[in-house]
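Everything on this sheet refers to the single structure shown next.
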Amino acid sequence: MADYRAPIADIAHTLTNVAGLDQVLDQELFSHVDSDTVIGVLEEVGRFMSEVVAPTNKDGDTVKAQWHADASVTIPESFKPAYKQYVASGFGAMPFDAEYGGAGFPWMTALAVQEMLNSANMSMALCPLLTQGAIDAIEAHGSQEQKETYLPKMLTGEWAGTMNLSEPQAGSDVGAVRTKAEPNADGSWKITGTKIWITFGEHDMTDQIIHLVLARTPGAPPGTKGISMFLVPKFLLNADGSIGEKNDVSCVSIEHKLGIHGSPTCVMSYGENDGAIGWLVGEENEGMRNMFTMMNNARLSVGLQGLAITERAYQDAVQYANERRQGRAIGALAGEQSLIVEHPDVRRLLMTQRAWIDAMRALTYTNAAFLDMAKAATDTEAARSWREKADLYIPLSKSLCTDVAQECTSSAVQIFGGMGYVEETGVAQHYRDARILPIYEGTNGIQAADLVGRKLGMRSGGVVHDELDRFESMLDDVVKVDGMATAAENMRQAISSSREATEHLVSVASNDPASLLASSTPYLRMLGTTVCAGLLAGSVVGLDPSNEFEAAKIASARFFCEQLLPAAQGWASAVKMSSETLYAIPADAF
């Protein structure tokens with residue numbers, strides 16, 4: 001397995017040339033930050049992730065998280081000093097409010113930190129990923145006392161956070177949760193119930209864990225309208241804020257999984273004895289709205305994980321392709337074996353991974369920039385416009401990047417050949433680790449339904465058309481870039497097809513919901529691929545083809561638009577089909 005090398009130059013290029021870092025930093029909210037400081041910090045982050053965190057990744061896969069009979073969970077020993085150094089670094093606090101110990105950096109810069117942490121060790125990275133989501137939810141909806149009590153140590157990473165939605169009878173159907181919350185006389189609540197799939201629900205990497213739990217209060221209406229959010233700490237706090245007695249919360253078991261073995265996925269029991277003590281976050285029956293603050297944060301981060309694990313697998317594949325000799329490449333001397341990197345099909349696999357990495361980075365970082373601009377906007381209309389863009393990109397980021405990660409990590413295994421199927425080479429771990437990504441934080445089918453059911457309806461498709469207009473306006477400049485003429489023409493066709501597909505779905509949304517949902521997944525893939533192509537094509541304008549790094553970026557964008565974008569045309573045809581073919585076979589005939 002290759003050592004992980006943080007791709008700082010690629011990250012910096014995407015931040016500045018694609019996602020608009022300078023525009024974000026020009027906003028008053030971020031005026032205390034400059035681009036030189038950002039790049040300097042990220043260079044230090046890259047060194048840290050490469051040298052300190054990345055060497056722990058294999059232990060996560062082989063040593064694994066372990067559940068014990070006393071309901072404790074231990075993680076690999078190598079994780080602990082690396083995480084302790086991560087906490088001391090302050091990297092995790094970068095994007096949060098200075099009032100609670102953050103640095104107030106844009107979220108797009110924090111996403112770059114997340115990328116490198118997830119490439120270095122995705123299992124470990126899940127702990128701060130969920131903590132960051134919990135911070136957002138408490139910051140947005142918690143009381144002032146809750147913020148002052150919990151956020152400072154959560155920002156540093158000294159205390160971890162979780163989100164507790166799913167139950168044995170309620171996976172994605174959150175409205176079916178049965179966990180109960182009964183009021184206590186002192187204003188706290190007694191929580192009883194069982195939650196499943198709780199990432200880092202129990203572990204020994206931090207001294208305290210703050211659980212955000214969805215539960216029903218007495219007399220609450222059925223479904224999602226009757227859900228409230230509660231803050232339930234692993235340990236209750238003393239009057240001085242120090243850690244006190246254990247709360248009535250325990251880990252019943254952890255799952256035995258295909259991948260991310262270093263991340264404990266817990267079955268959590270609340271209130272087996274006297275009831276777990278919790279406090280209401282926000283108002284009663286607003287739990288789903290509050291949780292979506294956390295979930296949207298997590299969905300972008302999961303999309304980023306698709307990029308991060310693909311980057312790690314790609315680096316392994318590149319090293320192997322430049323070491324392994326087999327066969328004779330075109331033009332090679334007779335009797336000599338060639339490096340497999342010289343074979344056309346290996347080149348195709350590598351170029352596909354590289355182009356998708358550039359595309360995924362462009363998509364997720366731009367998504368984060370939209371969130372930053374919405375937060376920084378000083379008038380309501382501007383904030384709404386940026387928020388619409390961010391909302392449109394969330395399902396694209398989550399679904400497209402995680403689906404592509406399946407393809408690209410598989411391609412990395414393919415480049416290794418038979419050795420890729422052998423665990424000792426390490427590349428199979430990335431393939432297994434990546435498989436969870438299209439499933440958690442809302443399956444990709446749910447993301448596609450969200451895209452056509454909610455995001456497409458924003459201004460009757462107007463938000464989609466605005467983005468397509470933006471990409472179309474760039475094409476006259478793109479075609480002037482040496483070698484990009486065919487890429488620009490493919491972009492025109494993809495934009496046209498995306499417009500037609502969008503208008504078609506808007507027209508059937510009200511009278512044919514079955515066909516709308518049947519078309520949702522191909523529409524997401526088509527639109528997401530077109531958006532990625534637009535971001536990459538626009539980013540090459542002004543690059544210097546005599547500069548080796550910039551020439552490689554032009555080549556990557558050209559490959560994407562010539563070799564990968566044409567698939568959007570096929571998806572466009574599928575979008576226009578009705579749901580009839582999905583139901584042509586009776587359920588009992590499968």
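Letters A, B, ... mark the chains of the structure tokens in the order given; residue numbers begin at 1 per chain; ligand numbers begin at 1, in order shown.
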Residue neighbourhood A:Val252, 9 Å, only C-alpha atoms, exclusion window fewer than 4 positions, as a list of chain:residue names: A:Trp67, A:Ala71, A:Cys266, A:Val267, A:Met268, A:Ser269
Those in stretch 309-476 of chain A with helix (DSSP H, G or I) from DSSP, as JSON, numbers by chain: {"A": [309, 310, 311, 312, 313, 314, 315, 316, 317, 318, 319, 320, 321, 340, 341, 342, 344, 345, 346, 347, 348, 349, 350, 351, 352, 353, 354, 355, 356, 357, 358, 359, 360, 361, 362, 363, 364, 365, 366, 367, 368, 369, 370, 371, 372, 373, 374, 375, 376, 380, 381, 382, 383, 384, 385, 386, 387, 388, 389, 390, 391, 392, 393, 394, 395, 396, 397, 398, 399, 400, 401, 402, 403, 404, 405, 406, 407, 408, 409, 410, 411, 412, 413, 414, 415, 416, 417, 418, 419, 420, 421, 423, 424, 425, 427, 428, 429, 430, 431, 432, 433, 434, 444, 445, 446, 447, 448, 449, 450, 451, 452, 453, 454, 455, 458, 459, 460, 461, 462, 463, 464, 465, 466, 467, 468, 469, 470, 471, 472, 473, 474, 475, 476]}
Could the residues in this selection be saved with C-alpha atoms as a tab-separated table (two decimals), in the first residue's frame?
```
chain	number	residue	atom	x	y	z
A	309	ILE	CA	-11.48	7.31	-0.32
A	310	THR	CA	-11.16	7.51	-4.11
A	311	GLU	CA	-8.09	9.74	-3.73
A	312	ARG	CA	-6.48	7.22	-1.36
A	313	ALA	CA	-7.24	4.24	-3.64
A	314	TYR	CA	-6.02	6.19	-6.68
A	315	GLN	CA	-2.69	6.95	-5.03
A	316	ASP	CA	-2.20	3.25	-4.31
A	317	ALA	CA	-3.10	2.37	-7.91
A	318	VAL	CA	-0.74	4.96	-9.38
A	319	GLN	CA	2.18	3.65	-7.35
A	320	TYR	CA	1.46	0.04	-8.28
A	321	ALA	CA	0.99	0.85	-11.97
A	340	ILE	CA	1.49	-1.60	-16.70
A	341	VAL	CA	0.98	2.17	-16.63
A	342	GLU	CA	1.90	2.10	-20.33
A	344	PRO	CA	-4.08	1.69	-22.69
A	345	ASP	CA	-6.67	0.08	-20.45
A	346	VAL	CA	-4.71	0.84	-17.29
A	347	ARG	CA	-4.37	4.43	-18.53
A	348	ARG	CA	-8.15	4.52	-19.02
A	349	LEU	CA	-8.73	3.33	-15.47
A	350	LEU	CA	-6.26	5.84	-14.03
A	351	MET	CA	-7.55	8.75	-16.09
A	352	THR	CA	-11.13	7.94	-15.12
A	353	GLN	CA	-10.21	7.99	-11.44
A	354	ARG	CA	-8.18	11.17	-11.79
A	355	ALA	CA	-10.90	13.02	-13.72
A	356	TRP	CA	-13.59	11.98	-11.27
A	357	ILE	CA	-11.42	13.06	-8.33
A	358	ASP	CA	-11.12	16.53	-9.86
A	359	ALA	CA	-14.87	16.54	-10.53
A	360	MET	CA	-15.87	15.39	-7.05
A	361	ARG	CA	-13.57	17.91	-5.43
A	362	ALA	CA	-15.06	20.65	-7.60
A	363	LEU	CA	-18.62	19.60	-6.74
A	364	THR	CA	-18.23	19.28	-2.97
A	365	TYR	CA	-16.04	22.34	-2.47
A	366	THR	CA	-18.40	24.47	-4.57
A	367	ASN	CA	-21.30	23.12	-2.52
A	368	ALA	CA	-19.51	24.27	0.65
A	369	ALA	CA	-18.77	27.67	-0.91
A	370	PHE	CA	-22.50	28.15	-1.57
A	371	LEU	CA	-23.16	27.44	2.12
A	372	ASP	CA	-20.50	29.99	3.10
A	373	MET	CA	-21.96	32.64	0.80
A	374	ALA	CA	-25.47	32.01	2.16
A	375	LYS	CA	-24.18	32.40	5.72
A	376	ALA	CA	-22.21	35.54	4.88
A	380	THR	CA	-32.34	38.21	2.54
A	381	GLU	CA	-32.57	37.78	-1.23
A	382	ALA	CA	-28.87	37.01	-1.65
A	383	ALA	CA	-28.96	34.54	1.23
A	384	ARG	CA	-31.96	32.80	-0.32
A	385	SER	CA	-30.29	32.53	-3.73
A	386	TRP	CA	-27.07	31.04	-2.34
A	387	ARG	CA	-29.03	28.70	-0.09
A	388	GLU	CA	-31.03	27.43	-3.08
A	389	LYS	CA	-27.81	26.59	-4.89
A	390	ALA	CA	-26.42	24.82	-1.83
A	391	ASP	CA	-29.66	22.84	-1.39
A	392	LEU	CA	-29.60	21.75	-5.03
A	393	TYR	CA	-26.00	20.57	-4.74
A	394	ILE	CA	-26.44	18.57	-1.49
A	395	PRO	CA	-28.08	15.46	-3.06
A	396	LEU	CA	-25.70	15.69	-6.03
A	397	SER	CA	-22.68	15.79	-3.73
A	398	LYS	CA	-23.89	12.97	-1.52
A	399	SER	CA	-25.12	10.59	-4.20
A	400	LEU	CA	-22.87	11.17	-7.18
A	401	CYS	CA	-19.63	11.16	-5.20
A	402	THR	CA	-20.51	8.03	-3.25
A	403	ASP	CA	-21.72	6.12	-6.31
A	404	VAL	CA	-18.59	7.10	-8.21
A	405	ALA	CA	-16.46	5.99	-5.26
A	406	GLN	CA	-17.77	2.45	-5.79
A	407	GLU	CA	-16.64	2.54	-9.40
A	408	CYS	CA	-13.28	4.17	-8.78
A	409	THR	CA	-12.18	2.06	-5.81
A	410	SER	CA	-13.16	-0.98	-7.86
A	411	SER	CA	-10.99	0.35	-10.68
A	412	ALA	CA	-8.08	0.61	-8.25
A	413	VAL	CA	-8.51	-3.06	-7.36
A	414	GLN	CA	-8.66	-3.85	-11.08
A	415	ILE	CA	-5.32	-2.13	-11.70
A	416	PHE	CA	-3.74	-4.34	-9.06
A	417	GLY	CA	-5.21	-7.37	-10.80
A	418	GLY	CA	-5.14	-10.54	-8.71
A	419	MET	CA	-2.99	-8.78	-6.14
A	420	GLY	CA	-5.83	-6.33	-5.57
A	421	TYR	CA	-8.02	-9.20	-4.42
A	423	GLU	CA	-5.91	-8.24	1.47
A	424	GLU	CA	-2.19	-7.80	2.14
A	425	THR	CA	-1.84	-5.22	-0.64
A	427	VAL	CA	-6.30	-1.63	-1.80
A	428	ALA	CA	-9.25	-3.94	-1.07
A	429	GLN	CA	-9.79	-2.08	2.21
A	430	HIS	CA	-10.66	1.10	0.32
A	431	TYR	CA	-13.16	-0.82	-1.83
A	432	ARG	CA	-14.84	-2.30	1.25
A	433	ASP	CA	-14.74	0.93	3.25
A	434	ALA	CA	-16.38	2.85	0.40
A	444	ASN	CA	-28.83	7.47	-2.57
A	445	GLY	CA	-32.35	6.55	-3.63
A	446	ILE	CA	-33.61	8.91	-0.94
A	447	GLN	CA	-31.23	11.60	-2.19
A	448	ALA	CA	-32.58	11.19	-5.73
A	449	ALA	CA	-36.16	11.43	-4.43
A	450	ASP	CA	-35.18	14.58	-2.53
A	451	LEU	CA	-33.69	16.04	-5.71
A	452	VAL	CA	-36.83	15.59	-7.81
A	453	GLY	CA	-39.36	15.94	-4.99
A	454	ARG	CA	-37.99	19.06	-3.28
A	455	LYS	CA	-35.00	20.62	-4.99
A	458	MET	CA	-37.52	25.33	-6.23
A	459	ARG	CA	-38.88	28.05	-8.53
A	460	SER	CA	-40.31	25.29	-10.77
A	461	GLY	CA	-36.89	24.15	-11.91
A	462	GLY	CA	-35.50	27.68	-11.99
A	463	VAL	CA	-32.56	26.90	-9.71
A	464	VAL	CA	-31.45	24.11	-12.03
A	465	HIS	CA	-31.82	26.31	-15.09
A	466	ASP	CA	-29.80	29.08	-13.40
A	467	GLU	CA	-26.87	26.72	-12.95
A	468	LEU	CA	-27.16	25.47	-16.52
A	469	ASP	CA	-27.22	29.11	-17.71
A	470	ARG	CA	-24.04	29.75	-15.75
A	471	PHE	CA	-22.22	26.86	-17.39
A	472	GLU	CA	-23.52	27.73	-20.86
A	473	SER	CA	-22.23	31.29	-20.51
A	474	MET	CA	-18.69	29.94	-20.05
A	475	LEU	CA	-18.56	27.84	-23.21
A	476	ASP	CA	-17.43	30.56	-25.61
```
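Nearest to A:Ala134 of all the residues A:Ala488, A:Met291, A:Ile243, A:Met108 is A:Met291, based on only C-alpha atoms.
Counting from atom CA of A:Asp59, the distance to atom CA of A:Ser89 is 22.4 Å.
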Which of stretch 52-145 of chain A fall in strand (DSSP E), as a PyMOL selection string: chain A and resi 66-67+73-74
From A:Gly40, A:Val508, A:Val53, A:Gly161, residue lying nearest A:Asn118 [only C-alpha atoms]: A:Val53
Pick from A:Asn285, A:Gln326, A:Asn57, A:Ser573, whichever lies nearest to A:Gly219 using only C-alpha atoms: A:Asn285
When you look at stretch 178-188 of chain A with a cut-off of 9 Å (counting only C-alpha atoms), what residues show up, excluding the ones that are within fewer than 2 positions of it in the same chain? I need them as an mmCIF file with N, CA and C atoms, in the first residue's frame.
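The resulting file, result_29.cif, is shown below:
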```cif
data_model
loop_
_atom_site.group_PDB
_atom_site.id
_atom_site.type_symbol
_atom_site.label_atom_id
_atom_site.label_comp_id
_atom_site.auth_asym_id
_atom_site.auth_seq_id
_atom_site.Cartn_x
_atom_site.Cartn_y
_atom_site.Cartn_z
ATOM 1 N N GLU A 167 -34.030 3.129 14.446
ATOM 2 C CA GLU A 167 -34.405 2.126 15.425
ATOM 3 C C GLU A 167 -34.650 0.816 14.689
ATOM 4 N N GLN A 169 -37.174 -0.941 14.047
ATOM 5 C CA GLN A 169 -38.345 -0.917 13.158
ATOM 6 C C GLN A 169 -38.382 0.341 12.297
ATOM 7 N N ALA A 170 -37.410 1.227 12.446
ATOM 8 C CA ALA A 170 -37.432 2.524 11.748
ATOM 9 C C ALA A 170 -36.031 2.855 11.271
ATOM 10 N N GLY A 175 -40.078 8.655 10.835
ATOM 11 C CA GLY A 175 -41.368 8.921 11.456
ATOM 12 C C GLY A 175 -41.891 7.762 12.292
ATOM 13 N N ALA A 176 -41.284 6.567 12.142
ATOM 14 C CA ALA A 176 -41.750 5.389 12.882
ATOM 15 C C ALA A 176 -41.008 5.181 14.203
ATOM 16 N N LYS A 190 -36.710 12.099 30.832
ATOM 17 C CA LYS A 190 -36.270 10.703 30.972
ATOM 18 C C LYS A 190 -36.462 10.013 29.626
ATOM 19 N N ILE A 191 -35.362 9.532 29.059
ATOM 20 C CA ILE A 191 -35.373 8.947 27.717
ATOM 21 C C ILE A 191 -35.294 7.425 27.821
ATOM 22 N N THR A 192 -36.175 6.723 27.116
ATOM 23 C CA THR A 192 -36.134 5.257 27.070
ATOM 24 C C THR A 192 -36.348 4.792 25.632
ATOM 25 N N GLY A 193 -35.504 3.857 25.193
ATOM 26 C CA GLY A 193 -35.634 3.317 23.848
ATOM 27 C C GLY A 193 -34.324 2.746 23.340
ATOM 28 N N THR A 194 -34.363 2.215 22.143
ATOM 29 C CA THR A 194 -33.190 1.606 21.519
ATOM 30 C C THR A 194 -32.931 2.265 20.177
ATOM 31 N N LYS A 195 -31.674 2.580 19.915
ATOM 32 C CA LYS A 195 -31.262 3.160 18.646
ATOM 33 C C LYS A 195 -30.200 2.261 18.006
ATOM 34 N N VAL A 213 -30.635 12.713 20.345
ATOM 35 C CA VAL A 213 -31.554 11.581 20.235
ATOM 36 C C VAL A 213 -32.946 12.075 19.834
ATOM 37 N N LEU A 214 -33.529 11.429 18.832
ATOM 38 C CA LEU A 214 -34.912 11.724 18.452
ATOM 39 C C LEU A 214 -35.848 10.844 19.265
ATOM 40 N N ALA A 215 -36.869 11.464 19.856
ATOM 41 C CA ALA A 215 -37.816 10.729 20.696
ATOM 42 C C ALA A 215 -39.175 11.415 20.665
ATOM 43 N N ARG A 216 -40.171 10.716 21.198
ATOM 44 C CA ARG A 216 -41.541 11.234 21.232
ATOM 45 C C ARG A 216 -41.916 11.632 22.658
ATOM 46 N N THR A 217 -42.520 12.790 22.772
ATOM 47 C CA THR A 217 -43.017 13.255 24.060
ATOM 48 C C THR A 217 -44.479 12.834 24.224
ATOM 49 N N PRO A 218 -45.009 12.837 25.442
ATOM 50 C CA PRO A 218 -46.411 12.423 25.656
ATOM 51 C C PRO A 218 -47.386 13.271 24.830
ATOM 52 N N SER A 228 -39.180 14.977 18.702
ATOM 53 C CA SER A 228 -38.392 16.027 19.345
ATOM 54 C C SER A 228 -36.938 15.568 19.469
ATOM 55 N N PHE A 230 -33.344 15.522 21.690
ATOM 56 C CA PHE A 230 -32.849 15.622 23.053
ATOM 57 C C PHE A 230 -31.326 15.450 23.090
ATOM 58 N N TYR A 270 -31.155 3.230 25.778
ATOM 59 C CA TYR A 270 -31.389 4.370 26.661
ATOM 60 C C TYR A 270 -32.428 3.989 27.711
ATOM 61 N N ILE A 277 -31.102 10.530 31.319
ATOM 62 C CA ILE A 277 -31.444 11.934 31.501
ATOM 63 C C ILE A 277 -31.022 12.723 30.266
ATOM 64 N N GLY A 278 -31.948 13.485 29.721
ATOM 65 C CA GLY A 278 -31.669 14.315 28.557
ATOM 66 C C GLY A 278 -32.346 15.658 28.667
ATOM 67 N N TRP A 279 -31.980 16.554 27.763
ATOM 68 C CA TRP A 279 -32.556 17.903 27.733
ATOM 69 C C TRP A 279 -33.045 18.220 26.334
ATOM 70 N N LEU A 280 -34.191 18.831 26.255
ATOM 71 C CA LEU A 280 -34.794 19.178 24.971
ATOM 72 C C LEU A 280 -33.923 20.196 24.236
#
```
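For the pair atom CA of A:Leu212 and atom CA of A:Ala82, the separation is 25.8 Å.
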Polymer residues at most 9 Å from A:Pro7, only C-alpha atoms, same-chain spacing of 2 or more positions, as a PyMOL selection string: chain A and resi 5+9-12+46+116+311
Selection near A:Gln208, 12 Å with only C-alpha atoms, sequence-local residues under 4 positions removed, as a PyMOL selection string: chain A and resi 131+150+153-154+157-162+200-204+232-237+241-247
Output for the residues just chosen: N, CA and C atoms as a PDB file, in the first residue's frame:
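File part-v2.pdb, as written:
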```pdb
ATOM      1  N   THR A 131     -19.367  14.587  15.119  1.00  0.00           N
ATOM      2  CA  THR A 131     -19.290  15.633  16.139  1.00  0.00           C
ATOM      3  C   THR A 131     -19.568  16.995  15.524  1.00  0.00           C
ATOM      4  N   TYR A 150     -21.592  22.707  26.352  1.00  0.00           N
ATOM      5  CA  TYR A 150     -21.113  21.585  25.559  1.00  0.00           C
ATOM      6  C   TYR A 150     -20.228  21.965  24.375  1.00  0.00           C
ATOM      7  N   LYS A 153     -15.873  22.127  24.360  1.00  0.00           N
ATOM      8  CA  LYS A 153     -15.125  20.874  24.311  1.00  0.00           C
ATOM      9  C   LYS A 153     -15.476  20.027  23.089  1.00  0.00           C
ATOM     10  N   MET A 154     -16.658  20.234  22.517  1.00  0.00           N
ATOM     11  CA  MET A 154     -16.981  19.543  21.270  1.00  0.00           C
ATOM     12  C   MET A 154     -16.210  20.152  20.111  1.00  0.00           C
ATOM     13  N   GLY A 157     -12.853  18.773  20.007  1.00  0.00           N
ATOM     14  CA  GLY A 157     -12.829  17.333  19.807  1.00  0.00           C
ATOM     15  C   GLY A 157     -12.569  16.567  21.084  1.00  0.00           C
ATOM     16  N   GLU A 158     -12.413  17.272  22.202  1.00  0.00           N
ATOM     17  CA  GLU A 158     -12.244  16.583  23.485  1.00  0.00           C
ATOM     18  C   GLU A 158     -13.475  15.745  23.810  1.00  0.00           C
ATOM     19  N   TRP A 159     -14.651  16.265  23.461  1.00  0.00           N
ATOM     20  CA  TRP A 159     -15.892  15.518  23.590  1.00  0.00           C
ATOM     21  C   TRP A 159     -16.424  15.222  22.188  1.00  0.00           C
ATOM     22  N   ALA A 160     -16.983  14.034  22.017  1.00  0.00           N
ATOM     23  CA  ALA A 160     -17.526  13.620  20.727  1.00  0.00           C
ATOM     24  C   ALA A 160     -19.044  13.798  20.711  1.00  0.00           C
ATOM     25  N   GLY A 161     -19.620  13.764  19.511  1.00  0.00           N
ATOM     26  CA  GLY A 161     -21.065  13.865  19.358  1.00  0.00           C
ATOM     27  C   GLY A 161     -21.591  12.804  18.415  1.00  0.00           C
ATOM     28  N   THR A 162     -22.854  12.445  18.584  1.00  0.00           N
ATOM     29  CA  THR A 162     -23.490  11.461  17.707  1.00  0.00           C
ATOM     30  C   THR A 162     -24.876  11.938  17.319  1.00  0.00           C
ATOM     31  N   PHE A 200     -19.817   5.589  16.313  1.00  0.00           N
ATOM     32  CA  PHE A 200     -19.064   6.041  17.483  1.00  0.00           C
ATOM     33  C   PHE A 200     -19.990   6.337  18.665  1.00  0.00           C
ATOM     34  N   GLY A 201     -21.058   5.515  18.807  1.00  0.00           N
ATOM     35  CA  GLY A 201     -21.969   5.666  19.932  1.00  0.00           C
ATOM     36  C   GLY A 201     -21.307   5.363  21.264  1.00  0.00           C
ATOM     37  N   GLU A 202     -20.304   4.517  21.238  1.00  0.00           N
ATOM     38  CA  GLU A 202     -19.504   4.214  22.424  1.00  0.00           C
ATOM     39  C   GLU A 202     -18.070   3.961  21.965  1.00  0.00           C
ATOM     40  N   HIS A 203     -17.111   4.486  22.709  1.00  0.00           N
ATOM     41  CA  HIS A 203     -15.696   4.309  22.368  1.00  0.00           C
ATOM     42  C   HIS A 203     -14.845   4.879  23.483  1.00  0.00           C
ATOM     43  N   ASP A 204     -13.539   4.656  23.395  1.00  0.00           N
ATOM     44  CA  ASP A 204     -12.626   5.155  24.423  1.00  0.00           C
ATOM     45  C   ASP A 204     -11.640   6.184  23.865  1.00  0.00           C
ATOM     46  N   VAL A 232     -28.444  14.027  25.170  1.00  0.00           N
ATOM     47  CA  VAL A 232     -28.279  12.999  26.202  1.00  0.00           C
ATOM     48  C   VAL A 232     -26.789  12.678  26.324  1.00  0.00           C
ATOM     49  N   PRO A 233     -26.117  13.173  27.361  1.00  0.00           N
ATOM     50  CA  PRO A 233     -24.685  12.910  27.486  1.00  0.00           C
ATOM     51  C   PRO A 233     -24.403  11.515  28.049  1.00  0.00           C
ATOM     52  N   LYS A 234     -23.267  10.967  27.682  1.00  0.00           N
ATOM     53  CA  LYS A 234     -22.840   9.683  28.247  1.00  0.00           C
ATOM     54  C   LYS A 234     -22.658   9.817  29.754  1.00  0.00           C
ATOM     55  N   PHE A 235     -22.039  10.913  30.168  1.00  0.00           N
ATOM     56  CA  PHE A 235     -21.868  11.205  31.587  1.00  0.00           C
ATOM     57  C   PHE A 235     -22.600  12.497  31.920  1.00  0.00           C
ATOM     58  N   LEU A 236     -23.304  12.509  33.025  1.00  0.00           N
ATOM     59  CA  LEU A 236     -23.907  13.743  33.520  1.00  0.00           C
ATOM     60  C   LEU A 236     -22.786  14.654  34.023  1.00  0.00           C
ATOM     61  N   LEU A 237     -23.058  15.940  34.076  1.00  0.00           N
ATOM     62  CA  LEU A 237     -22.042  16.900  34.494  1.00  0.00           C
ATOM     63  C   LEU A 237     -22.312  17.396  35.903  1.00  0.00           C
ATOM     64  N   GLY A 241     -19.258  21.819  35.849  1.00  0.00           N
ATOM     65  CA  GLY A 241     -19.026  21.451  34.462  1.00  0.00           C
ATOM     66  C   GLY A 241     -18.138  20.245  34.271  1.00  0.00           C
ATOM     67  N   SER A 242     -17.609  19.704  35.358  1.00  0.00           N
ATOM     68  CA  SER A 242     -16.766  18.515  35.255  1.00  0.00           C
ATOM     69  C   SER A 242     -17.625  17.273  35.043  1.00  0.00           C
ATOM     70  N   ILE A 243     -17.013  16.212  34.572  1.00  0.00           N
ATOM     71  CA  ILE A 243     -17.734  14.972  34.295  1.00  0.00           C
ATOM     72  C   ILE A 243     -18.129  14.290  35.595  1.00  0.00           C
ATOM     73  N   GLY A 244     -19.415  13.921  35.684  1.00  0.00           N
ATOM     74  CA  GLY A 244     -19.948  13.301  36.882  1.00  0.00           C
ATOM     75  C   GLY A 244     -20.303  11.846  36.666  1.00  0.00           C
ATOM     76  N   GLU A 245     -21.479  11.443  37.194  1.00  0.00           N
ATOM     77  CA  GLU A 245     -21.855  10.025  37.154  1.00  0.00           C
ATOM     78  C   GLU A 245     -22.315   9.603  35.764  1.00  0.00           C
ATOM     79  N   LYS A 246     -22.232   8.302  35.517  1.00  0.00           N
ATOM     80  CA  LYS A 246     -22.631   7.726  34.243  1.00  0.00           C
ATOM     81  C   LYS A 246     -24.137   7.850  34.066  1.00  0.00           C
ATOM     82  N   ASN A 247     -24.543   8.292  32.898  1.00  0.00           N
ATOM     83  CA  ASN A 247     -25.959   8.350  32.551  1.00  0.00           C
ATOM     84  C   ASN A 247     -26.448   6.940  32.227  1.00  0.00           C
TER      85      ASN A 247
END
```
For atom CA of A:Asp248 and atom CA of A:Asp207, the interatomic separation in Å (one decimal): 16.1 Å
Long-range neighbours of A:Val63 as a PyMOL selection string, 10 Å cut-off, only C-alpha atoms, 3 positions minimum in chain: chain A and resi 58-60+66+75-78+261-262
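Of the residues under consideration (A:Ala137, A:Val52, A:Leu15, A:Leu505), A:Leu15 shows the shortest atom-to-atom contact distance to A:Ala110 when counting only C-alpha atoms.
Take the candidates A:Ser497, A:Ala88, A:Cys532, A:Glu550 and check each one against A:Gln569 using only C-alpha atoms; the shortest distance goes to A:Ser497.
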Nearest residue to A:Phe30 from the set A:Cys251, A:Met94, A:Val73, A:Ile554 (distances using only C-alpha atoms): A:Met94
Near-A:Phe292 list (12 Å; only C-alpha atoms; drop same-chain fewer than 4 positions) as a list in words: Gly133, Ala134, Asp136, Ala137, Ile138, Ala140, His141, Met163, Leu165, Val174, Leu214, Thr224, Met229, Glu286, Gly287, Met288, Asn296, Asn297, Ala298, Arg299, Asp391, Glu441 and Gly442 of chain A
I need the chosen residues saved as a PDB file, in the first residue's frame, with C-alpha atoms.
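Heads up, here's the output in part-v3.pdb:
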```
ATOM      1  CA  GLY A 133     -22.827  17.781  12.694  1.00  0.00           C
ATOM      2  CA  ALA A 134     -23.878  17.712  16.350  1.00  0.00           C
ATOM      3  CA  ASP A 136     -24.117  22.574  14.044  1.00  0.00           C
ATOM      4  CA  ALA A 137     -27.399  21.296  15.460  1.00  0.00           C
ATOM      5  CA  ILE A 138     -26.689  22.578  18.992  1.00  0.00           C
ATOM      6  CA  ALA A 140     -28.482  26.401  15.538  1.00  0.00           C
ATOM      7  CA  HIS A 141     -31.179  25.119  17.907  1.00  0.00           C
ATOM      8  CA  MET A 163     -26.851  11.504  15.957  1.00  0.00           C
ATOM      9  CA  LEU A 165     -32.261   8.457  14.470  1.00  0.00           C
ATOM     10  CA  VAL A 174     -37.708   8.177  10.849  1.00  0.00           C
ATOM     11  CA  LEU A 214     -34.912  11.724  18.452  1.00  0.00           C
ATOM     12  CA  THR A 224     -42.323  12.997  11.791  1.00  0.00           C
ATOM     13  CA  MET A 229     -34.604  16.219  19.756  1.00  0.00           C
ATOM     14  CA  GLU A 286     -39.397  20.213  15.983  1.00  0.00           C
ATOM     15  CA  GLY A 287     -36.863  17.407  16.167  1.00  0.00           C
ATOM     16  CA  MET A 288     -36.895  16.517  12.482  1.00  0.00           C
ATOM     17  CA  ASN A 296     -27.456  18.145   5.627  1.00  0.00           C
ATOM     18  CA  ASN A 297     -24.031  18.848   7.093  1.00  0.00           C
ATOM     19  CA  ALA A 298     -23.391  15.111   7.253  1.00  0.00           C
ATOM     20  CA  ARG A 299     -24.648  14.477   3.705  1.00  0.00           C
ATOM     21  CA  ASP A 391     -29.661  22.845  -1.385  1.00  0.00           C
ATOM     22  CA  GLU A 441     -27.059   9.492   5.921  1.00  0.00           C
ATOM     23  CA  GLY A 442     -29.990   8.724   3.629  1.00  0.00           C
TER      24      GLY A 442
END
```
